[in-house]
>>> print(open('data00.txt').read())   # compact mmCIF, C-alpha atoms
# COMPACT_ATOMS: atom_id res chain seq x y z
CA MET E 1 -16.36 -49.56 46.19
CA ARG E 2 -14.23 -48.87 43.15
CA ALA E 3 -11.27 -50.51 44.83
CA ILE E 4 -13.11 -53.84 45.01
CA CYS E 5 -11.09 -56.70 43.51
CA LEU E 6 -11.98 -58.49 40.30
CA TYR E 7 -12.75 -61.72 42.13
CA CYS E 8 -15.21 -59.96 44.46
CA CYS E 9 -16.93 -58.28 41.53
CA LEU E 10 -17.19 -61.53 39.59
CA GLY E 11 -18.53 -63.31 42.65
CA LEU E 12 -21.14 -60.62 43.17
CA ALA E 13 -22.00 -60.76 39.49
CA GLY E 14 -22.63 -64.49 39.78
CA LEU E 15 -24.95 -64.08 42.75
CA LEU E 16 -26.92 -61.35 41.01
CA SER E 17 -27.23 -63.55 37.95
CA GLY E 18 -28.84 -66.34 39.94
CA TYR E 19 -25.86 -68.68 40.36
CA ALA E 20 -22.86 -68.81 42.65
CA GLN E 21 -19.49 -67.83 41.25
CA SER E 22 -17.47 -70.92 40.44
CA TYR E 23 -13.93 -71.74 39.41
CA THR E 24 -11.87 -74.34 37.63
CA THR E 25 -8.15 -74.81 37.13
CA VAL E 26 -6.17 -74.47 33.92
CA GLN E 27 -2.56 -74.80 32.90
CA LEU E 28 -0.82 -71.45 32.72
CA ALA E 29 -0.22 -70.31 29.14
CA ASP E 30 3.38 -70.75 28.01
CA GLY E 31 2.78 -68.46 25.05
CA PHE E 32 0.19 -67.29 22.52
CA ASP E 33 0.35 -68.47 18.90
CA HIS E 34 -1.72 -67.42 15.90
CA PRO E 35 -5.13 -69.09 15.53
CA VAL E 36 -4.41 -70.24 11.96
CA GLY E 37 -1.29 -71.39 10.12
CA LYS E 38 0.24 -72.32 13.47
CA PRO E 39 2.32 -71.14 15.05
CA ASP E 40 2.94 -67.91 13.12
CA GLY E 41 0.06 -67.59 10.64
CA TYR E 42 1.91 -69.19 7.71
CA LYS E 43 0.00 -68.65 4.42
CA TYR E 44 -2.55 -66.40 6.15
CA TYR E 45 -2.95 -62.65 6.41
CA VAL E 46 -5.21 -60.21 8.24
CA TYR E 47 -7.70 -58.84 5.76
CA ARG E 48 -9.32 -56.55 8.32
CA GLY E 49 -7.57 -55.57 11.51
CA PHE E 50 -8.57 -54.44 14.98
CA THR E 51 -10.09 -50.96 15.36
CA ALA E 52 -11.45 -49.72 18.68
CA LYS E 53 -15.11 -48.66 18.54
CA ALA E 54 -15.43 -50.35 15.15
CA HIS E 55 -13.98 -53.76 14.27
CA LEU E 56 -13.15 -55.39 17.60
CA GLY E 57 -11.09 -58.28 16.28
CA GLU E 58 -9.17 -59.49 13.25
CA ASP E 59 -10.39 -61.26 10.10
CA TRP E 60 -7.86 -63.91 9.05
CA ASN E 61 -7.86 -65.12 5.42
CA GLY E 62 -5.78 -67.66 3.50
CA THR E 63 -3.40 -66.24 0.92
CA GLY E 64 -5.20 -68.23 -1.79
CA GLY E 65 -8.12 -65.82 -1.61
CA GLY E 66 -11.84 -66.41 -1.92
CA ASN E 67 -13.05 -69.56 -0.19
CA THR E 68 -9.79 -71.46 -0.59
CA ASP E 69 -9.38 -71.52 3.21
CA LEU E 70 -12.85 -72.99 3.82
CA GLY E 71 -12.48 -75.94 6.18
CA ASP E 72 -8.90 -75.08 7.19
CA PRO E 73 -8.02 -75.85 10.83
CA VAL E 74 -8.42 -73.29 13.60
CA TYR E 75 -6.27 -73.68 16.71
CA SER E 76 -6.46 -72.59 20.32
CA THR E 77 -3.88 -69.86 20.67
CA ALA E 78 -2.93 -70.94 24.21
CA ASN E 79 -3.76 -73.33 27.04
CA GLY E 80 -7.21 -72.68 28.46
CA VAL E 81 -10.77 -73.85 29.08
CA VAL E 82 -13.73 -73.58 26.68
CA ILE E 83 -16.39 -71.33 28.23
CA PHE E 84 -18.69 -70.92 25.19
CA SER E 85 -19.37 -73.19 22.22
CA GLU E 86 -22.52 -72.95 20.13
CA ASP E 87 -24.08 -71.90 16.86
CA TYR E 88 -25.05 -68.34 17.79
CA LYS E 89 -26.48 -67.69 14.30
CA ARG E 90 -27.20 -63.95 13.71
CA GLY E 91 -24.00 -62.56 12.19
CA TRP E 92 -21.79 -64.98 14.09
CA GLY E 93 -22.55 -68.59 13.24
CA ASN E 94 -20.47 -71.14 15.15
CA VAL E 95 -18.45 -69.53 17.96
CA ILE E 96 -15.98 -70.84 20.52
CA ILE E 97 -14.63 -68.74 23.41
CA ILE E 98 -11.65 -69.94 25.44
CA ARG E 99 -10.46 -68.49 28.76
CA HIS E 100 -6.71 -68.31 29.36
CA ALA E 101 -4.53 -67.59 32.39
CA TYR E 102 -1.06 -66.17 31.81
CA ARG E 103 1.69 -64.44 33.75
CA GLY E 104 1.99 -60.84 32.63
CA LYS E 105 5.15 -58.78 32.32
CA ASN E 106 4.57 -57.51 35.86
CA GLY E 107 4.79 -61.07 37.19
CA GLN E 108 1.14 -61.28 38.17
CA ILE E 109 -1.40 -63.70 36.73
CA SER E 110 -3.99 -62.21 34.39
CA PHE E 111 -6.84 -63.61 32.31
CA VAL E 112 -8.10 -63.10 28.75
CA ASP E 113 -10.78 -64.68 26.57
CA SER E 114 -10.08 -65.57 22.95
CA LEU E 115 -13.04 -65.75 20.55
CA TYR E 116 -13.15 -67.73 17.28
CA GLY E 117 -16.10 -66.80 15.07
CA HIS E 118 -17.79 -67.90 11.80
CA LEU E 119 -16.53 -71.46 12.24
CA ASP E 120 -17.69 -74.22 9.91
CA VAL E 121 -17.20 -76.93 12.55
CA ARG E 122 -16.76 -76.76 16.34
CA LEU E 123 -14.73 -79.59 17.86
CA ASN E 124 -14.99 -78.70 21.56
CA LYS E 125 -17.79 -78.34 24.06
CA VAL E 126 -18.14 -76.05 27.06
CA GLY E 127 -15.89 -77.17 29.92
CA ASP E 128 -13.20 -78.77 27.73
CA ARG E 129 -9.62 -77.93 28.63
CA VAL E 130 -7.49 -77.27 25.56
CA THR E 131 -3.81 -76.76 24.90
CA ARG E 132 -1.89 -74.31 22.74
CA GLY E 133 -2.03 -75.38 19.11
CA GLN E 134 -4.91 -77.82 19.63
CA LYS E 135 -7.39 -77.91 16.75
CA ILE E 136 -10.74 -76.59 17.98
CA GLY E 137 -12.62 -76.13 14.70
CA THR E 138 -12.43 -75.17 11.04
CA ILE E 139 -12.82 -71.95 9.09
CA GLY E 140 -16.34 -71.31 7.87
CA ARG E 141 -18.48 -68.75 6.11
CA GLY E 142 -20.67 -67.71 9.00
CA PRO E 143 -24.41 -68.37 9.33
CA TYR E 144 -26.15 -69.24 6.05
CA ASN E 145 -22.78 -68.84 4.22
CA MET E 146 -23.21 -65.09 4.39
CA TYR E 147 -19.46 -64.32 4.18
CA THR E 148 -16.45 -65.31 2.16
CA ALA E 149 -14.62 -67.89 4.29
CA HIS E 150 -12.49 -66.37 7.06
CA LEU E 151 -11.85 -66.53 10.80
CA HIS E 152 -12.98 -63.69 13.04
CA TYR E 153 -10.67 -63.62 16.07
CA GLU E 154 -10.86 -61.48 19.23
CA ILE E 155 -9.03 -61.17 22.56
CA ARG E 156 -10.96 -59.68 25.48
CA LYS E 157 -9.67 -58.41 28.83
CA ASP E 158 -13.14 -58.03 30.32
CA LEU E 159 -14.36 -61.49 31.32
CA ARG E 160 -18.03 -60.45 31.29
CA VAL E 161 -18.51 -59.73 27.58
CA GLY E 162 -19.49 -63.12 26.15
CA MET E 163 -21.73 -62.51 23.13
CA ARG E 164 -23.09 -59.17 24.35
CA ARG E 165 -20.53 -56.71 23.03
CA ASP E 166 -23.18 -53.98 23.07
CA LEU E 167 -23.11 -53.85 26.88
CA TYR E 168 -19.43 -52.95 27.25
CA PRO E 169 -17.06 -50.22 26.02
CA LYS E 170 -15.69 -50.97 22.57
CA THR E 171 -12.26 -49.74 23.60
CA TYR E 172 -8.89 -50.95 24.84
CA ALA E 173 -10.44 -51.10 28.32
CA THR E 174 -12.27 -54.21 27.12
CA TYR E 175 -10.27 -55.57 24.16
CA GLU E 176 -6.70 -56.29 23.17
CA ASP E 177 -5.30 -55.73 19.70
CA PRO E 178 -4.80 -59.44 18.83
CA ARG E 179 -1.54 -59.26 16.88
CA SER E 180 0.05 -56.87 19.35
CA PHE E 181 -0.98 -59.12 22.24
CA MET E 182 0.29 -62.29 20.52
CA LYS E 183 3.59 -60.61 19.70
CA LYS E 184 4.03 -59.41 23.29
CA TYR E 185 3.23 -62.80 24.80
CA LYS E 186 4.51 -65.07 22.05
CA ARG E 187 6.80 -66.88 24.47
CA LEU E 188 6.21 -67.18 28.19
CA ARG E 189 8.18 -69.13 30.74
CA TYR E 190 6.81 -72.65 31.10
CA GLU E 191 5.30 -73.36 34.51
CA SER E 192 3.81 -76.75 35.35
CA ARG E 193 1.43 -75.30 37.92
CA MET E 194 -2.32 -75.14 37.53
CA VAL E 195 -4.06 -71.91 38.49
CA ARG E 196 -7.58 -71.09 39.60
CA VAL E 197 -9.74 -69.40 36.95
CA PRO E 198 -13.18 -67.79 37.44
CA ILE E 199 -15.94 -69.13 35.19
CA ASN E 200 -19.62 -68.31 34.60
CA THR E 201 -18.80 -64.60 34.48
CA PHE E 202 -20.89 -63.58 31.47
CA GLN E 203 -23.65 -61.09 32.24
CA ARG E 204 -26.94 -61.53 30.36
CA SER E 205 -24.87 -63.05 27.61
CA ASN E 206 -24.26 -66.74 27.70
CA PRO E 207 -27.19 -69.15 27.80
CA ASN E 208 -24.71 -71.91 28.67
CA LYS E 209 -23.25 -72.52 32.10
CA VAL E 210 -19.77 -73.96 32.35
CA TYR E 211 -20.24 -77.21 34.24
CA VAL E 212 -16.89 -78.23 35.64
CA LYS E 213 -15.92 -79.63 38.98
CA ASP E 214 -15.46 -76.89 41.55
CA ILE E 215 -12.01 -76.84 43.07
CA SER E 216 -11.56 -77.59 46.75
CA ALA E 217 -8.68 -76.42 48.91
CA PRO E 218 -6.94 -79.84 48.98
CA GLU E 219 -7.05 -80.08 45.20
CA LEU E 220 -5.54 -76.62 44.87
CA ALA E 221 -2.76 -77.62 47.21
CA THR E 222 -2.12 -80.78 45.24
CA ALA E 223 -1.99 -78.81 42.02
CA GLY E 224 0.54 -76.45 43.53
CA SER E 225 -1.76 -73.50 42.89
CA THR E 226 -2.89 -70.58 44.95
CA ARG E 227 -5.53 -68.01 44.26
CA PRO E 228 -3.69 -65.72 41.85
CA ALA E 229 -3.24 -62.06 42.51
CA VAL E 230 -5.29 -59.83 40.24
CA SER E 231 -3.18 -57.67 38.00
CA GLN E 232 -3.67 -53.94 37.81
CA THR E 233 -4.82 -54.39 34.22
CA ALA E 234 -7.53 -56.89 35.17
CA GLY E 235 -8.67 -54.73 38.07
CA SER E 236 -9.01 -51.71 35.84
CA VAL E 237 -11.64 -53.52 33.77
CA ILE E 238 -13.98 -53.21 36.72
CA SER E 239 -13.05 -49.81 38.07
CA GLN E 240 -12.07 -47.79 35.00
CA GLU E 241 -14.13 -44.75 34.16
CA THR E 242 -15.32 -44.58 30.57
CA GLU E 243 -16.38 -41.74 28.36
CA PRO E 244 -20.16 -41.20 28.35
CA GLU E 245 -20.52 -42.13 24.69
CA ASN E 246 -18.72 -45.43 25.28
CA ALA E 247 -20.41 -46.38 28.51
CA THR E 248 -23.18 -48.92 28.82
CA PRO E 249 -26.58 -47.23 28.30
CA ALA E 250 -28.35 -46.75 31.63
CA LYS E 251 -31.37 -48.80 30.57
CA SER E 252 -29.09 -51.73 29.64
CA LYS E 253 -26.88 -51.71 32.71
CA SER E 254 -26.66 -54.78 34.89
CA VAL E 255 -27.22 -54.53 38.63
CA LEU E 256 -23.48 -54.97 39.10
CA ASP E 257 -22.72 -52.01 36.82
CA SER E 258 -25.22 -49.87 38.74
CA ILE E 259 -23.66 -50.78 42.08
CA LEU E 260 -20.22 -49.87 40.78
CA GLY E 261 -21.48 -46.57 39.42
CA ARG E 262 -20.58 -47.36 35.79
>>> encode(input="data00.txt", output="structure tokens")
Amino acid sequence: MRAICLYCCLGLAGLLSGYAQSYTTVQLADGFDHPVGKPDGYKYYVYRGFTAKAHLGEDWNGTGGGNTDLGDPVYSTANGVVIFSEDYKRGWGNVIIIRHAYRGKNGQISFVDSLYGHLDVRLNKVGDRVTRGQKIGTIGRGPYNMYTAHLHYEIRKDLRVGMRRDLYPKTYATYEDPRSFMKKYKRLRYESRMVRVPINTFQRSNPNKVYVKDISAPELATAGSTRPAVSQTAGSVISQETEPENATPAKSKSVLDSILGR
């Protein structure tokens, strides 16, 4: 069972969640830029960096300090599709999550989600396809202006997390260190092909469904795309053992997690 592929697991997850697993196509990423001061974070710095088990993303601030970056543009770091866009309130405020497909160093196609939190304005809705460097919102202060203006930015390897970080290990099994990831994949070979991407993968997380046209076999052939192989990294998100203190609490586990023995 632990050798089951990511696509099978995501499909099973969809059925157990009450909807069939679905897919869309996106343009392969030709690189990952910074989410502010594009492309390289000009006049911005990371006030608080990524720390496993603690701060699971990066807080980007303008060099002017204070709220001088309030309303500054936020950009999609790569080509992708918007899979979450709403005012989540709580400690988050306006949030957008984008799913990306990219060719890893091993030559296989992998997927990550990028999250943009505490936005003042969201410019995209669920299902929108976006390109690298496209403006998707502006820097805000979180719900009820509870923070000094900044962007909270995350990159996730586990496509199930959504807004329920409490259900998944707060480790490198789930998250990427954003700056390290962007540096590694700053430039990727341009490929005109579209690739198939799983959507509606969040578990007990996302009240939205991504309504996009499902892709038929003829359309895939026209797009010059085939069902991408799942990289070892992506597969490990499903099968990797975790330390007991980092694992999902038994009472909070999804049916899928129970089946897989997580």
>>> atom_distance(input="data00.txt", atom1="CA of Arg103 in chain E", atom2="CA of Tyr75 in chain E")
21.0 Å
>>> residues_around(input="data00.txt", residues="Phe32 in chain E", least_positions_apart="2", cutoff="9 Å", atoms="all atoms listed in the file", output="list in words")
Ala29, Asp30, His34, Pro35, Pro39, Ser76, Thr77, Ala78, Asn79, Arg132, Phe181, Met182, Lys183, Lys184, Tyr185, Lys186, Arg187 and Leu188 of chain E
>>> atom_distance(input="data00.txt", atom1="CA of Ile96 in chain E", atom2="CA of Leu167 in chain E")
19.5 Å
>>> atom_distance(input="data00.txt", atom1="CA of Val161 in chain E", atom2="CA of Lys53 in chain E")
14.7 Å
>>> closest_residue(input="data00.txt", among="E:Leu151, E:Ile109, E:Ile136, E:Val121", to="Gly62 in chain E", atoms="all atoms listed in the file")
E:Leu151
>>> residues_near_point(input="data00.txt", point="(-12.7, -72.0, 28.7)", cutoff="8 Å", atoms="all atoms listed in the file", output="ChimeraX atom specification")
/E:80-84,97-100,113,126-129,199
>>> write_last_selection(input="data00.txt", atoms="C-alpha atoms", output="mmCIF file, in the coordinates of the input")
data_model
loop_
_atom_site.group_PDB
_atom_site.id
_atom_site.type_symbol
_atom_site.label_atom_id
_atom_site.label_comp_id
_atom_site.auth_asym_id
_atom_site.auth_seq_id
_atom_site.Cartn_x
_atom_site.Cartn_y
_atom_site.Cartn_z
ATOM 1 C CA GLY E 80 -7.210 -72.680 28.460
ATOM 2 C CA VAL E 81 -10.770 -73.850 29.080
ATOM 3 C CA VAL E 82 -13.730 -73.580 26.680
ATOM 4 C CA ILE E 83 -16.390 -71.330 28.230
ATOM 5 C CA PHE E 84 -18.690 -70.920 25.190
ATOM 6 C CA ILE E 97 -14.630 -68.740 23.410
ATOM 7 C CA ILE E 98 -11.650 -69.940 25.440
ATOM 8 C CA ARG E 99 -10.460 -68.490 28.760
ATOM 9 C CA HIS E 100 -6.710 -68.310 29.360
ATOM 10 C CA ASP E 113 -10.780 -64.680 26.570
ATOM 11 C CA VAL E 126 -18.140 -76.050 27.060
ATOM 12 C CA GLY E 127 -15.890 -77.170 29.920
ATOM 13 C CA ASP E 128 -13.200 -78.770 27.730
ATOM 14 C CA ARG E 129 -9.620 -77.930 28.630
ATOM 15 C CA ILE E 199 -15.940 -69.130 35.190
#
>>> closest_residue(input="data00.txt", among="E:Arg48, E:Lys157, E:Arg122, E:Arg164", to="Ala101 in chain E", atoms="only C-alpha atoms")
E:Lys157
>>> closest_residue(input="data00.txt", among="E:Tyr102, E:Trp60, E:Tyr116, E:Phe50", to="Tyr88 in chain E", atoms="all atoms listed in the file")
E:Tyr116
>>> closest_residue(input="data00.txt", among="E:Leu28, E:Ser22, E:Arg141, E:Arg165", to="Met194 in chain E", atoms="only C-alpha atoms")
E:Leu28
>>> closest_residue(input="data00.txt", among="E:Thr131, E:Thr63, E:Asn145, E:Gln108", to="Gly91 in chain E", atoms="only C-alpha atoms")
E:Asn145
>>> residues_around(input="data00.txt", residues="Arg90 in chain E", least_positions_apart="4", cutoff="10 Å", atoms="all atoms listed in the file", output="list of chain:residue names")
E:Asn94, E:Gly142, E:Pro143, E:Tyr144
>>> write_last_selection(input="data00.txt", atoms="C-alpha atoms", output="short mmCIF file (atom, residue, chain, number, x, y, z; two decimals), in the frame of the given file")
data_model
loop_
_atom_site.label_atom_id
_atom_site.label_comp_id
_atom_site.auth_asym_id
_atom_site.auth_seq_id
_atom_site.Cartn_x
_atom_site.Cartn_y
_atom_site.Cartn_z
CA ASN E 94 -20.47 -71.14 15.15
CA GLY E 142 -20.67 -67.71 9.00
CA PRO E 143 -24.41 -68.37 9.33
CA TYR E 144 -26.15 -69.24 6.05
#
>>> decode(input="data00.txt", residues="range 132-173 of chain E", atoms="N, CA and C atoms", output="PDB file, in the first residue's frame")
ATOM      1  N   ARG E 132       4.147  33.508 -14.565  1.00  0.00           N
ATOM      2  CA  ARG E 132       5.228  34.005 -13.714  1.00  0.00           C
ATOM      3  C   ARG E 132       5.319  35.528 -13.816  1.00  0.00           C
ATOM      4  N   GLY E 133       5.340  36.187 -12.665  1.00  0.00           N
ATOM      5  CA  GLY E 133       5.439  37.635 -12.635  1.00  0.00           C
ATOM      6  C   GLY E 133       4.122  38.364 -12.770  1.00  0.00           C
ATOM      7  N   GLN E 134       3.013  37.620 -12.874  1.00  0.00           N
ATOM      8  CA  GLN E 134       1.700  38.270 -12.966  1.00  0.00           C
ATOM      9  C   GLN E 134       1.275  38.780 -11.598  1.00  0.00           C
ATOM     10  N   LYS E 135       0.760  39.992 -11.547  1.00  0.00           N
ATOM     11  CA  LYS E 135       0.282  40.561 -10.291  1.00  0.00           C
ATOM     12  C   LYS E 135      -0.980  39.840  -9.855  1.00  0.00           C
ATOM     13  N   ILE E 136      -0.979  39.313  -8.624  1.00  0.00           N
ATOM     14  CA  ILE E 136      -2.132  38.570  -8.118  1.00  0.00           C
ATOM     15  C   ILE E 136      -2.773  39.246  -6.910  1.00  0.00           C
ATOM     16  N   GLY E 137      -2.128  40.272  -6.371  1.00  0.00           N
ATOM     17  CA  GLY E 137      -2.680  40.955  -5.207  1.00  0.00           C
ATOM     18  C   GLY E 137      -1.737  42.023  -4.717  1.00  0.00           C
ATOM     19  N   THR E 138      -2.016  42.537  -3.518  1.00  0.00           N
ATOM     20  CA  THR E 138      -1.161  43.559  -2.912  1.00  0.00           C
ATOM     21  C   THR E 138      -0.888  43.212  -1.452  1.00  0.00           C
ATOM     22  N   ILE E 139       0.204  43.721  -0.941  1.00  0.00           N
ATOM     23  CA  ILE E 139       0.602  43.472   0.439  1.00  0.00           C
ATOM     24  C   ILE E 139      -0.385  44.135   1.400  1.00  0.00           C
ATOM     25  N   GLY E 140      -0.776  43.382   2.425  1.00  0.00           N
ATOM     26  CA  GLY E 140      -1.710  43.902   3.405  1.00  0.00           C
ATOM     27  C   GLY E 140      -1.209  43.749   4.825  1.00  0.00           C
ATOM     28  N   ARG E 141      -2.116  43.943   5.747  1.00  0.00           N
ATOM     29  CA  ARG E 141      -1.780  43.880   7.171  1.00  0.00           C
ATOM     30  C   ARG E 141      -2.517  42.751   7.887  1.00  0.00           C
ATOM     31  N   GLY E 142      -3.063  41.817   7.106  1.00  0.00           N
ATOM     32  CA  GLY E 142      -3.773  40.714   7.717  1.00  0.00           C
ATOM     33  C   GLY E 142      -5.171  41.126   8.149  1.00  0.00           C
ATOM     34  N   PRO E 143      -5.929  40.197   8.749  1.00  0.00           N
ATOM     35  CA  PRO E 143      -7.291  40.507   9.164  1.00  0.00           C
ATOM     36  C   PRO E 143      -7.306  41.584  10.244  1.00  0.00           C
ATOM     37  N   TYR E 144      -8.213  42.542  10.099  1.00  0.00           N
ATOM     38  CA  TYR E 144      -8.387  43.604  11.100  1.00  0.00           C
ATOM     39  C   TYR E 144      -7.106  44.417  11.313  1.00  0.00           C
ATOM     40  N   ASN E 145      -6.216  44.446  10.286  1.00  0.00           N
ATOM     41  CA  ASN E 145      -4.951  45.191  10.384  1.00  0.00           C
ATOM     42  C   ASN E 145      -4.156  44.804  11.627  1.00  0.00           C
ATOM     43  N   MET E 146      -4.097  43.508  11.875  1.00  0.00           N
ATOM     44  CA  MET E 146      -3.462  43.037  13.107  1.00  0.00           C
ATOM     45  C   MET E 146      -1.934  42.979  13.020  1.00  0.00           C
ATOM     46  N   TYR E 147      -1.360  43.140  11.828  1.00  0.00           N
ATOM     47  CA  TYR E 147       0.090  43.084  11.669  1.00  0.00           C
ATOM     48  C   TYR E 147       0.609  44.369  11.031  1.00  0.00           C
ATOM     49  N   THR E 148       1.907  44.586  11.165  1.00  0.00           N
ATOM     50  CA  THR E 148       2.575  45.550  10.293  1.00  0.00           C
ATOM     51  C   THR E 148       2.588  44.941   8.897  1.00  0.00           C
ATOM     52  N   ALA E 149       2.419  45.756   7.873  1.00  0.00           N
ATOM     53  CA  ALA E 149       2.289  45.252   6.502  1.00  0.00           C
ATOM     54  C   ALA E 149       3.462  44.345   6.122  1.00  0.00           C
ATOM     55  N   HIS E 150       3.152  43.181   5.581  1.00  0.00           N
ATOM     56  CA  HIS E 150       4.163  42.268   5.048  1.00  0.00           C
ATOM     57  C   HIS E 150       3.455  41.165   4.273  1.00  0.00           C
ATOM     58  N   LEU E 151       4.227  40.398   3.512  1.00  0.00           N
ATOM     59  CA  LEU E 151       3.717  39.234   2.798  1.00  0.00           C
ATOM     60  C   LEU E 151       4.212  37.973   3.485  1.00  0.00           C
ATOM     61  N   HIS E 152       3.281  37.085   3.819  1.00  0.00           N
ATOM     62  CA  HIS E 152       3.670  35.754   4.298  1.00  0.00           C
ATOM     63  C   HIS E 152       3.613  34.815   3.100  1.00  0.00           C
ATOM     64  N   TYR E 153       4.741  34.128   2.835  1.00  0.00           N
ATOM     65  CA  TYR E 153       4.894  33.328   1.622  1.00  0.00           C
ATOM     66  C   TYR E 153       5.372  31.929   1.979  1.00  0.00           C
ATOM     67  N   GLU E 154       4.691  30.911   1.432  1.00  0.00           N
ATOM     68  CA  GLU E 154       5.054  29.517   1.688  1.00  0.00           C
ATOM     69  C   GLU E 154       5.132  28.749   0.377  1.00  0.00           C
ATOM     70  N   ILE E 155       5.908  27.648   0.390  1.00  0.00           N
ATOM     71  CA  ILE E 155       5.930  26.674  -0.693  1.00  0.00           C
ATOM     72  C   ILE E 155       5.732  25.300  -0.084  1.00  0.00           C
ATOM     73  N   ARG E 156       4.702  24.595  -0.569  1.00  0.00           N
ATOM     74  CA  ARG E 156       4.372  23.271  -0.016  1.00  0.00           C
ATOM     75  C   ARG E 156       4.584  22.165  -1.057  1.00  0.00           C
ATOM     76  N   LYS E 157       5.146  21.051  -0.609  1.00  0.00           N
ATOM     77  CA  LYS E 157       5.282  19.870  -1.456  1.00  0.00           C
ATOM     78  C   LYS E 157       4.063  18.966  -1.359  1.00  0.00           C
ATOM     79  N   ASP E 158       3.406  18.976  -0.219  1.00  0.00           N
ATOM     80  CA  ASP E 158       2.231  18.139   0.007  1.00  0.00           C
ATOM     81  C   ASP E 158       1.009  18.897  -0.506  1.00  0.00           C
ATOM     82  N   LEU E 159       0.340  18.335  -1.503  1.00  0.00           N
ATOM     83  CA  LEU E 159      -0.764  19.030  -2.163  1.00  0.00           C
ATOM     84  C   LEU E 159      -2.069  18.961  -1.382  1.00  0.00           C
ATOM     85  N   ARG E 160      -2.048  18.381  -0.195  1.00  0.00           N
ATOM     86  CA  ARG E 160      -3.279  18.234   0.579  1.00  0.00           C
ATOM     87  C   ARG E 160      -3.450  19.291   1.657  1.00  0.00           C
ATOM     88  N   VAL E 161      -2.442  20.113   1.913  1.00  0.00           N
ATOM     89  CA  VAL E 161      -2.427  20.955   3.110  1.00  0.00           C
ATOM     90  C   VAL E 161      -3.524  22.017   3.110  1.00  0.00           C
ATOM     91  N   GLY E 162      -3.617  22.804   2.037  1.00  0.00           N
ATOM     92  CA  GLY E 162      -4.601  23.881   2.022  1.00  0.00           C
ATOM     93  C   GLY E 162      -4.417  24.812   3.205  1.00  0.00           C
ATOM     94  N   MET E 163      -5.494  25.063   3.943  1.00  0.00           N
ATOM     95  CA  MET E 163      -5.435  25.937   5.110  1.00  0.00           C
ATOM     96  C   MET E 163      -5.425  25.157   6.421  1.00  0.00           C
ATOM     97  N   ARG E 164      -5.199  23.857   6.342  1.00  0.00           N
ATOM     98  CA  ARG E 164      -5.180  23.038   7.558  1.00  0.00           C
ATOM     99  C   ARG E 164      -3.776  22.525   7.836  1.00  0.00           C
ATOM    100  N   ARG E 165      -2.884  23.431   8.200  1.00  0.00           N
ATOM    101  CA  ARG E 165      -1.502  23.042   8.468  1.00  0.00           C
ATOM    102  C   ARG E 165      -1.394  22.130   9.683  1.00  0.00           C
ATOM    103  N   ASP E 166      -2.398  22.178  10.564  1.00  0.00           N
ATOM    104  CA  ASP E 166      -2.340  21.370  11.780  1.00  0.00           C
ATOM    105  C   ASP E 166      -2.452  19.875  11.499  1.00  0.00           C
ATOM    106  N   LEU E 167      -2.917  19.503  10.315  1.00  0.00           N
ATOM    107  CA  LEU E 167      -3.130  18.089  10.010  1.00  0.00           C
ATOM    108  C   LEU E 167      -1.901  17.399   9.410  1.00  0.00           C
ATOM    109  N   TYR E 168      -0.842  18.141   9.132  1.00  0.00           N
ATOM    110  CA  TYR E 168       0.292  17.575   8.414  1.00  0.00           C
ATOM    111  C   TYR E 168       1.611  17.938   9.097  1.00  0.00           C
ATOM    112  N   PRO E 169       2.631  17.104   8.909  1.00  0.00           N
ATOM    113  CA  PRO E 169       3.921  17.355   9.568  1.00  0.00           C
ATOM    114  C   PRO E 169       4.490  18.717   9.193  1.00  0.00           C
ATOM    115  N   LYS E 170       4.931  19.440  10.179  1.00  0.00           N
ATOM    116  CA  LYS E 170       5.516  20.772   9.944  1.00  0.00           C
ATOM    117  C   LYS E 170       7.019  20.611   9.705  1.00  0.00           C
ATOM    118  N   THR E 171       7.346  19.864   8.681  1.00  0.00           N
ATOM    119  CA  THR E 171       8.735  19.500   8.403  1.00  0.00           C
ATOM    120  C   THR E 171       9.014  19.640   6.908  1.00  0.00           C
ATOM    121  N   TYR E 172      10.252  19.301   6.531  1.00  0.00           N
ATOM    122  CA  TYR E 172      10.627  19.352   5.128  1.00  0.00           C
ATOM    123  C   TYR E 172       9.925  18.272   4.309  1.00  0.00           C
ATOM    124  N   ALA E 173       9.233  17.343   4.950  1.00  0.00           N
ATOM    125  CA  ALA E 173       8.434  16.370   4.218  1.00  0.00           C
ATOM    126  C   ALA E 173       7.232  17.044   3.581  1.00  0.00           C
TER     127      ALA E 173
END
